[in-house]
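Structure file start.pdb; described as PDB, C-alpha atoms.
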MODEL        1
ATOM      1  CA  MET A   1       2.326  34.120 -11.406  1.00  0.00           C
ATOM      2  CA  ARG A   2       3.215  33.282 -14.996  1.00  0.00           C
ATOM      3  CA  TYR A   3       3.199  29.498 -14.490  1.00  0.00           C
ATOM      4  CA  THR A   4       0.047  29.209 -12.339  1.00  0.00           C
ATOM      5  CA  LYS A   5      -2.360  28.830 -15.268  1.00  0.00           C
ATOM      6  CA  TYR A   6      -0.452  25.828 -16.577  1.00  0.00           C
ATOM      7  CA  PHE A   7      -0.622  24.039 -13.251  1.00  0.00           C
ATOM      8  CA  LEU A   8      -4.341  24.847 -13.080  1.00  0.00           C
ATOM      9  CA  LEU A   9      -4.770  22.982 -16.366  1.00  0.00           C
ATOM     10  CA  THR A  10      -2.807  20.084 -14.886  1.00  0.00           C
ATOM     11  CA  ILE A  11      -5.099  20.015 -11.851  1.00  0.00           C
ATOM     12  CA  GLY A  12      -8.129  20.142 -14.138  1.00  0.00           C
ATOM     13  CA  ILE A  13      -6.850  17.155 -16.127  1.00  0.00           C
ATOM     14  CA  ILE A  14      -6.334  15.177 -12.917  1.00  0.00           C
ATOM     15  CA  LEU A  15      -9.832  15.974 -11.636  1.00  0.00           C
ATOM     16  CA  ILE A  16     -11.554  15.086 -14.923  1.00  0.00           C
ATOM     17  CA  ASP A  17      -9.528  11.885 -15.189  1.00  0.00           C
ATOM     18  CA  GLN A  18     -10.384  10.791 -11.661  1.00  0.00           C
ATOM     19  CA  VAL A  19     -14.077  11.642 -12.005  1.00  0.00           C
ATOM     20  CA  ILE A  20     -14.313   9.493 -15.146  1.00  0.00           C
ATOM     21  CA  LYS A  21     -12.418   6.602 -13.556  1.00  0.00           C
ATOM     22  CA  LEU A  22     -14.469   6.642 -10.366  1.00  0.00           C
ATOM     23  CA  TRP A  23     -17.695   6.857 -12.377  1.00  0.00           C
ATOM     24  CA  VAL A  24     -16.664   3.833 -14.432  1.00  0.00           C
ATOM     25  CA  PHE A  25     -15.624   1.994 -11.274  1.00  0.00           C
ATOM     26  CA  GLU A  26     -18.997   2.602  -9.633  1.00  0.00           C
ATOM     27  CA  THR A  27     -21.108   2.139 -12.775  1.00  0.00           C
ATOM     28  CA  PHE A  28     -19.530  -0.990 -14.256  1.00  0.00           C
ATOM     29  CA  PRO A  29     -19.237  -3.726 -11.607  1.00  0.00           C
ATOM     30  CA  PHE A  30     -16.021  -5.602 -12.231  1.00  0.00           C
ATOM     31  CA  GLU A  31     -16.300  -9.359 -11.805  1.00  0.00           C
ATOM     32  CA  GLY A  32     -13.183 -11.422 -12.325  1.00  0.00           C
ATOM     33  CA  TYR A  33     -12.108 -11.311 -15.945  1.00  0.00           C
ATOM     34  CA  GLU A  34     -15.450 -10.158 -17.315  1.00  0.00           C
ATOM     35  CA  HIS A  35     -15.011  -6.633 -18.612  1.00  0.00           C
ATOM     36  CA  PRO A  36     -18.364  -4.789 -18.777  1.00  0.00           C
ATOM     37  CA  SER A  37     -18.829  -2.573 -21.825  1.00  0.00           C
ATOM     38  CA  LEU A  38     -21.150   0.135 -23.089  1.00  0.00           C
ATOM     39  CA  ARG A  39     -21.122   0.567 -26.860  1.00  0.00           C
ATOM     40  CA  LEU A  40     -21.412   4.118 -28.193  1.00  0.00           C
ATOM     41  CA  GLY A  41     -21.849   3.849 -31.948  1.00  0.00           C
ATOM     42  CA  ASP A  42     -20.311   1.273 -34.263  1.00  0.00           C
ATOM     43  CA  TRP A  43     -16.667   1.591 -33.269  1.00  0.00           C
ATOM     44  CA  PHE A  44     -16.376   3.282 -29.871  1.00  0.00           C
ATOM     45  CA  LYS A  45     -17.299   1.875 -26.492  1.00  0.00           C
ATOM     46  CA  LEU A  46     -16.625   2.233 -22.800  1.00  0.00           C
ATOM     47  CA  HIS A  47     -14.820  -0.944 -21.824  1.00  0.00           C
ATOM     48  CA  TYR A  48     -13.934  -1.197 -18.137  1.00  0.00           C
ATOM     49  CA  ILE A  49     -10.588  -2.867 -17.633  1.00  0.00           C
ATOM     50  CA  THR A  50      -7.698  -2.461 -15.216  1.00  0.00           C
ATOM     51  CA  ASN A  51      -4.043  -2.318 -16.119  1.00  0.00           C
ATOM     52  CA  GLU A  52      -1.313  -3.565 -13.796  1.00  0.00           C
ATOM     53  CA  GLY A  53       1.583  -1.953 -15.584  1.00  0.00           C
ATOM     54  CA  MET A  54       2.320   0.318 -18.511  1.00  0.00           C
ATOM     55  CA  ALA A  55       0.853   0.696 -21.991  1.00  0.00           C
ATOM     56  CA  PHE A  56      -0.414  -2.480 -23.701  1.00  0.00           C
ATOM     57  CA  GLY A  57      -0.471  -4.241 -20.320  1.00  0.00           C
ATOM     58  CA  ILE A  58       3.322  -4.527 -20.174  1.00  0.00           C
ATOM     59  CA  LYS A  59       4.594  -4.744 -16.608  1.00  0.00           C
ATOM     60  CA  LEU A  60       7.924  -5.055 -14.860  1.00  0.00           C
ATOM     61  CA  ALA A  61       8.712  -8.563 -13.709  1.00  0.00           C
ATOM     62  CA  GLY A  62       9.189  -9.476 -10.075  1.00  0.00           C
ATOM     63  CA  VAL A  63       7.295  -8.914  -6.855  1.00  0.00           C
ATOM     64  CA  TYR A  64       8.464  -5.318  -6.629  1.00  0.00           C
ATOM     65  CA  GLY A  65       8.123  -4.505 -10.322  1.00  0.00           C
ATOM     66  CA  LYS A  66       4.964  -2.463  -9.754  1.00  0.00           C
ATOM     67  CA  LEU A  67       6.547  -0.610  -6.839  1.00  0.00           C
ATOM     68  CA  ILE A  68       9.522   0.338  -9.001  1.00  0.00           C
ATOM     69  CA  LEU A  69       7.176   1.530 -11.757  1.00  0.00           C
ATOM     70  CA  SER A  70       5.069   3.573  -9.319  1.00  0.00           C
ATOM     71  CA  LEU A  71       8.119   5.211  -7.761  1.00  0.00           C
ATOM     72  CA  PHE A  72       9.495   5.963 -11.220  1.00  0.00           C
ATOM     73  CA  ARG A  73       6.209   7.659 -12.102  1.00  0.00           C
ATOM     74  CA  LEU A  74       6.406   9.751  -8.939  1.00  0.00           C
ATOM     75  CA  VAL A  75       9.951  10.846  -9.749  1.00  0.00           C
ATOM     76  CA  ALA A  76       8.927  11.620 -13.338  1.00  0.00           C
ATOM     77  CA  MET A  77       5.969  13.645 -12.064  1.00  0.00           C
ATOM     78  CA  VAL A  78       8.233  15.770  -9.867  1.00  0.00           C
ATOM     79  CA  GLY A  79      10.717  16.180 -12.708  1.00  0.00           C
ATOM     80  CA  ILE A  80       8.071  17.277 -15.219  1.00  0.00           C
ATOM     81  CA  SER A  81       6.581  19.699 -12.677  1.00  0.00           C
ATOM     82  CA  TYR A  82       9.949  21.320 -12.077  1.00  0.00           C
ATOM     83  CA  TYR A  83      10.650  21.411 -15.811  1.00  0.00           C
ATOM     84  CA  LEU A  84       7.322  23.150 -16.462  1.00  0.00           C
ATOM     85  CA  TYR A  85       8.126  25.702 -13.773  1.00  0.00           C
ATOM     86  CA  LEU A  86      11.569  26.400 -15.240  1.00  0.00           C
ATOM     87  CA  MET A  87      10.297  26.663 -18.818  1.00  0.00           C
ATOM     88  CA  ALA A  88       7.494  29.028 -17.782  1.00  0.00           C
ATOM     89  CA  LYS A  89       9.952  31.145 -15.836  1.00  0.00           C
ATOM     90  CA  LYS A  90      12.247  31.172 -18.858  1.00  0.00           C
ATOM     91  CA  GLY A  91       9.407  32.449 -21.038  1.00  0.00           C
ATOM     92  CA  MET A  92       9.097  29.531 -23.439  1.00  0.00           C
ATOM     93  CA  HIS A  93       6.344  29.467 -26.063  1.00  0.00           C
ATOM     94  CA  GLU A  94       2.909  29.279 -24.427  1.00  0.00           C
ATOM     95  CA  GLY A  95       1.793  26.463 -26.695  1.00  0.00           C
ATOM     96  CA  PHE A  96       4.720  24.344 -25.549  1.00  0.00           C
ATOM     97  CA  LEU A  97       3.934  25.061 -21.905  1.00  0.00           C
ATOM     98  CA  TRP A  98       0.286  24.079 -22.367  1.00  0.00           C
ATOM     99  CA  CYS A  99       1.459  20.799 -23.904  1.00  0.00           C
ATOM    100  CA  ILE A 100       3.753  20.088 -20.955  1.00  0.00           C
ATOM    101  CA  ALA A 101       0.833  20.826 -18.627  1.00  0.00           C
ATOM    102  CA  LEU A 102      -1.263  18.256 -20.520  1.00  0.00           C
ATOM    103  CA  ILE A 103       1.497  15.662 -20.222  1.00  0.00           C
ATOM    104  CA  LEU A 104       1.969  16.408 -16.530  1.00  0.00           C
ATOM    105  CA  GLY A 105      -1.757  16.147 -15.834  1.00  0.00           C
ATOM    106  CA  GLY A 106      -1.938  12.794 -17.580  1.00  0.00           C
ATOM    107  CA  ALA A 107       1.104  11.468 -15.759  1.00  0.00           C
ATOM    108  CA  MET A 108      -0.247  12.571 -12.390  1.00  0.00           C
ATOM    109  CA  GLY A 109      -3.665  11.091 -13.145  1.00  0.00           C
ATOM    110  CA  ASN A 110      -2.165   7.632 -13.567  1.00  0.00           C
ATOM    111  CA  VAL A 111       0.087   8.144 -10.541  1.00  0.00           C
ATOM    112  CA  VAL A 112      -3.041   8.610  -8.415  1.00  0.00           C
ATOM    113  CA  ASP A 113      -4.279   5.197  -9.562  1.00  0.00           C
ATOM    114  CA  SER A 114      -0.990   3.448  -8.875  1.00  0.00           C
ATOM    115  CA  THR A 115      -0.565   5.066  -5.473  1.00  0.00           C
ATOM    116  CA  PHE A 116      -4.057   4.918  -3.968  1.00  0.00           C
ATOM    117  CA  TYR A 117      -6.355   2.524  -5.838  1.00  0.00           C
ATOM    118  CA  GLY A 118      -4.892  -0.559  -4.190  1.00  0.00           C
ATOM    119  CA  VAL A 119      -5.883   0.866  -0.803  1.00  0.00           C
ATOM    120  CA  PHE A 120      -9.107   2.804  -1.317  1.00  0.00           C
ATOM    121  CA  LEU A 121     -10.708   0.953  -4.253  1.00  0.00           C
ATOM    122  CA  ASP A 122      -9.393  -2.514  -3.419  1.00  0.00           C
ATOM    123  CA  LEU A 123      -7.700  -2.775  -6.816  1.00  0.00           C
ATOM    124  CA  PRO A 124      -4.225  -4.060  -5.981  1.00  0.00           C
ATOM    125  CA  THR A 125      -2.080  -5.799  -8.551  1.00  0.00           C
ATOM    126  CA  SER A 126      -1.802  -9.572  -8.422  1.00  0.00           C
ATOM    127  CA  ASP A 127       0.623 -10.829  -5.763  1.00  0.00           C
ATOM    128  CA  ALA A 128       1.135  -7.294  -4.443  1.00  0.00           C
ATOM    129  CA  PRO A 129       3.368  -7.347  -1.333  1.00  0.00           C
ATOM    130  CA  MET A 130       1.546  -4.242  -0.075  1.00  0.00           C
ATOM    131  CA  LEU A 131      -1.422  -2.105  -1.119  1.00  0.00           C
ATOM    132  CA  TRP A 132       0.251   1.302  -1.311  1.00  0.00           C
ATOM    133  CA  PHE A 133       1.838   2.028  -4.720  1.00  0.00           C
ATOM    134  CA  HIS A 134       0.394  -1.200  -6.117  1.00  0.00           C
ATOM    135  CA  GLY A 135      -2.928   0.023  -7.472  1.00  0.00           C
ATOM    136  CA  ARG A 136      -4.235  -0.922 -10.899  1.00  0.00           C
ATOM    137  CA  VAL A 137      -4.816   1.813 -13.458  1.00  0.00           C
ATOM    138  CA  ILE A 138      -8.401   2.022 -14.730  1.00  0.00           C
ATOM    139  CA  ASP A 139      -8.835   2.203 -18.518  1.00  0.00           C
ATOM    140  CA  MET A 140     -12.132   2.591 -20.346  1.00  0.00           C
ATOM    141  CA  PHE A 141     -11.994   4.185 -23.822  1.00  0.00           C
ATOM    142  CA  TYR A 142     -11.967   1.525 -26.521  1.00  0.00           C
ATOM    143  CA  VAL A 143     -11.807   2.264 -30.249  1.00  0.00           C
ATOM    144  CA  ASP A 144     -13.170  -1.094 -31.389  1.00  0.00           C
ATOM    145  CA  ILE A 145     -12.067  -1.307 -35.022  1.00  0.00           C
ATOM    146  CA  CYS A 146     -10.351  -4.687 -35.056  1.00  0.00           C
ATOM    147  CA  ASN A 147      -8.146  -7.033 -33.065  1.00  0.00           C
ATOM    148  CA  CYS A 148      -4.815  -7.502 -34.801  1.00  0.00           C
ATOM    149  CA  LEU A 149      -2.472 -10.467 -34.486  1.00  0.00           C
ATOM    150  CA  ILE A 150       1.013  -9.348 -33.475  1.00  0.00           C
ATOM    151  CA  PRO A 151       3.697 -11.249 -35.476  1.00  0.00           C
ATOM    152  CA  GLU A 152       5.531 -13.964 -33.564  1.00  0.00           C
ATOM    153  CA  TRP A 153       8.902 -12.246 -34.040  1.00  0.00           C
ATOM    154  CA  VAL A 154       7.838  -9.170 -32.037  1.00  0.00           C
ATOM    155  CA  PRO A 155       9.383  -9.369 -28.526  1.00  0.00           C
ATOM    156  CA  VAL A 156       7.001  -9.814 -25.564  1.00  0.00           C
ATOM    157  CA  LEU A 157       3.788  -9.145 -27.535  1.00  0.00           C
ATOM    158  CA  GLY A 158       4.353 -11.584 -30.415  1.00  0.00           C
ATOM    159  CA  GLY A 159       1.610 -14.119 -31.089  1.00  0.00           C
ATOM    160  CA  SER A 160      -1.057 -12.203 -29.170  1.00  0.00           C
ATOM    161  CA  TYR A 161      -4.129 -10.361 -30.338  1.00  0.00           C
ATOM    162  CA  TYR A 162      -4.312  -6.664 -29.539  1.00  0.00           C
ATOM    163  CA  PRO A 163      -6.819  -4.003 -30.541  1.00  0.00           C
ATOM    164  CA  LEU A 164      -5.725  -1.689 -33.334  1.00  0.00           C
ATOM    165  CA  TRP A 165      -5.915   1.134 -30.800  1.00  0.00           C
ATOM    166  CA  PRO A 166      -5.174   0.247 -27.160  1.00  0.00           C
ATOM    167  CA  ILE A 167      -7.788   0.758 -24.464  1.00  0.00           C
ATOM    168  CA  PHE A 168      -6.906   4.025 -22.755  1.00  0.00           C
ATOM    169  CA  ASN A 169      -8.111   6.576 -20.234  1.00  0.00           C
ATOM    170  CA  PHE A 170      -8.388  10.360 -20.117  1.00  0.00           C
ATOM    171  CA  ALA A 171      -4.912  10.692 -18.608  1.00  0.00           C
ATOM    172  CA  ASP A 172      -3.399   8.654 -21.446  1.00  0.00           C
ATOM    173  CA  ALA A 173      -5.222  10.832 -23.976  1.00  0.00           C
ATOM    174  CA  SER A 174      -3.834  13.984 -22.353  1.00  0.00           C
ATOM    175  CA  ILE A 175      -0.293  12.645 -22.580  1.00  0.00           C
ATOM    176  CA  PHE A 176      -0.790  11.593 -26.199  1.00  0.00           C
ATOM    177  CA  VAL A 177      -2.246  14.953 -27.235  1.00  0.00           C
ATOM    178  CA  GLY A 178       0.518  16.856 -25.453  1.00  0.00           C
ATOM    179  CA  VAL A 179       3.298  14.847 -27.095  1.00  0.00           C
ATOM    180  CA  ALA A 180       1.615  14.909 -30.514  1.00  0.00           C
ATOM    181  CA  LEU A 181       1.195  18.686 -30.466  1.00  0.00           C
ATOM    182  CA  ILE A 182       4.841  19.181 -29.498  1.00  0.00           C
ATOM    183  CA  LEU A 183       5.928  17.030 -32.443  1.00  0.00           C
ATOM    184  CA  ILE A 184       3.571  18.786 -34.853  1.00  0.00           C
ATOM    185  CA  TYR A 185       4.413  22.336 -33.784  1.00  0.00           C
ATOM    186  CA  GLN A 186       8.031  21.895 -32.737  1.00  0.00           C
ATOM    187  CA  LYS A 187       9.267  24.439 -35.293  1.00  0.00           C
ATOM    188  CA  LYS A 188       6.841  26.985 -33.901  1.00  0.00           C
ATOM    189  CA  PHE A 189       7.697  26.171 -30.297  1.00  0.00           C
ATOM    190  CA  PHE A 190      11.463  26.233 -30.903  1.00  0.00           C
ATOM    191  CA  PRO A 191      12.049  28.825 -33.658  1.00  0.00           C
ATOM    192  CA  GLU A 192      15.611  29.498 -32.513  1.00  0.00           C
ATOM    193  CA  LYS A 193      16.683  26.138 -33.927  1.00  0.00           C
ATOM    194  CA  ASP A 194      15.870  27.309 -37.444  1.00  0.00           C
ATOM    195  CA  GLY A 195      17.883  30.444 -36.840  1.00  0.00           C
ATOM    196  CA  VAL A 196      20.895  28.420 -35.759  1.00  0.00           C
ATOM    197  CA  LYS A 197      20.675  26.264 -38.880  1.00  0.00           C
ATOM    198  CA  GLU A 198      20.510  29.339 -41.111  1.00  0.00           C
ATOM    199  CA  LYS A 199      23.605  30.776 -39.441  1.00  0.00           C
ATOM    200  CA  GLU A 200      25.479  27.500 -39.901  1.00  0.00           C
ATOM    201  CA  GLN A 201      24.539  27.368 -43.580  1.00  0.00           C
ATOM    202  CA  HIS A 202      25.618  30.984 -44.034  1.00  0.00           C
ATOM    203  CA  VAL A 203      29.003  30.251 -42.448  1.00  0.00           C
ATOM    204  CA  GLN A 204      29.510  27.222 -44.696  1.00  0.00           C
ATOM    205  CA  VAL A 205      28.767  29.300 -47.811  1.00  0.00           C
TER     206      VAL A 205
ENDMDL
END

Can the structure from this file be put into structure tokens for me?
Amino acid sequence: MRYTKYFLLTIGIILIDQVIKLWVFETFPFEGYEHPSLRLGDWFKLHYITNEGMAFGIKLAGVYGKLILSLFRLVAMVGISYYLYLMAKKGMHEGFLWCIALILGGAMGNVVDSTFYGVFLDLPTSDAPMLWFHGRVIDMFYVDICNCLIPEWVPVLGGSYYPLWPIFNFADASIFVGVALILIYQKKFFPEKDGVKEKEQHVQV
């Protein structure tokens, strides 16, 4: 079927993401707040760390904050899957569909962590009321250029040091690449918008 190849890419992203995460989990023993690292060159290293919430370590407050986030991710995963199916059925640009498949694969990769890692890898979030849907997300790719001080006036993150590029995983990279390509090639993916603008300009003239 016309949409099968896109979901195969999604499955491939999930498998690669999980293989990398499980390899890091088994290779770098995690002890308390010591984050084992393996430097690859002058600026890139594998830095094993777990993330309780979203990007930059931001998490929802409250005992059930993680549960809400995990359930939201599950709903988003279903929504993106259905959207990909509809867009493929509609015959949208292949490049756009590949990008959505990348985003879906990345989203599902992190959903696996949140759903199962608290149970099977013993990586629950702190003060988790239950293990299911409270797993930590494993991150490992660290572009170690510099740690930057966030200005005090920035909400939540102000006054803290953060790396210039956040520590991320393969799933995060897939989402980033998918979104970036859509932004870069949006005129190619949605050519009808240009046609509408030309018609509007012609009517105004």

Task: Using only C-alpha atoms: which of A:Gln18, A:Thr125, A:Met108, A:Ile13 has the shortest distance to Ser174 of chain A - done: A:Ile13

- [ ] State, in Å with one decimal place, the distance from atom CA of Gly79 of chain A to atom CA of Val177 of chain A.
- [x] 19.5 Å

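What the PyMOL selection byres ((chain A and resi 109) around 7) matches in the given file is Ile14, Asp17, Gln18, Gly105, Gly106, Ala107, Met108, Asn110, Val111, Val112, Asp113 and Ala171 of chain A.
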
Would you mind exporting the chosen residues as a short mmCIF file (atom, residue, chain, number, x, y, z; two decimals), in the coordinates of the input, restricted to C-alpha atoms?
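File written: again.cif
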data_model
loop_
_atom_site.label_atom_id
_atom_site.label_comp_id
_atom_site.auth_asym_id
_atom_site.auth_seq_id
_atom_site.Cartn_x
_atom_site.Cartn_y
_atom_site.Cartn_z
CA ILE A 14 -6.33 15.18 -12.92
CA ASP A 17 -9.53 11.88 -15.19
CA GLN A 18 -10.38 10.79 -11.66
CA GLY A 105 -1.76 16.15 -15.83
CA GLY A 106 -1.94 12.79 -17.58
CA ALA A 107 1.10 11.47 -15.76
CA MET A 108 -0.25 12.57 -12.39
CA ASN A 110 -2.16 7.63 -13.57
CA VAL A 111 0.09 8.14 -10.54
CA VAL A 112 -3.04 8.61 -8.41
CA ASP A 113 -4.28 5.20 -9.56
CA ALA A 171 -4.91 10.69 -18.61
#

- [ ] Work out how far atom CA of Ile49 of chain A is from atom CA of Met140 of chain A, in Å to one decimal.
- [x] 6.3 Å

Open item on the list: Here is a test: counting only C-alpha atoms, which residue of A:Thr50, A:Asn169, A:Ser37, A:Thr115 is nearest to Leu71 of chain A?
Closed with: A:Thr115

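Proximity to Asp139 of chain A was assessed for A:Val119, A:Leu46, A:Val75, A:Met87 counting all atoms listed in the file; the smallest distance is recorded for A:Leu46.
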
Open item on the list: Can you tell me which residues surround Phe96 of chain A at a distance of at most 12 Å, considering all atoms listed in the file, apart from same-chain residues fewer than 2 positions away, and format the answer as a PyMOL selection string?
Closed with: chain A and resi 6+83-84+87-88+91-94+98-103+177-191
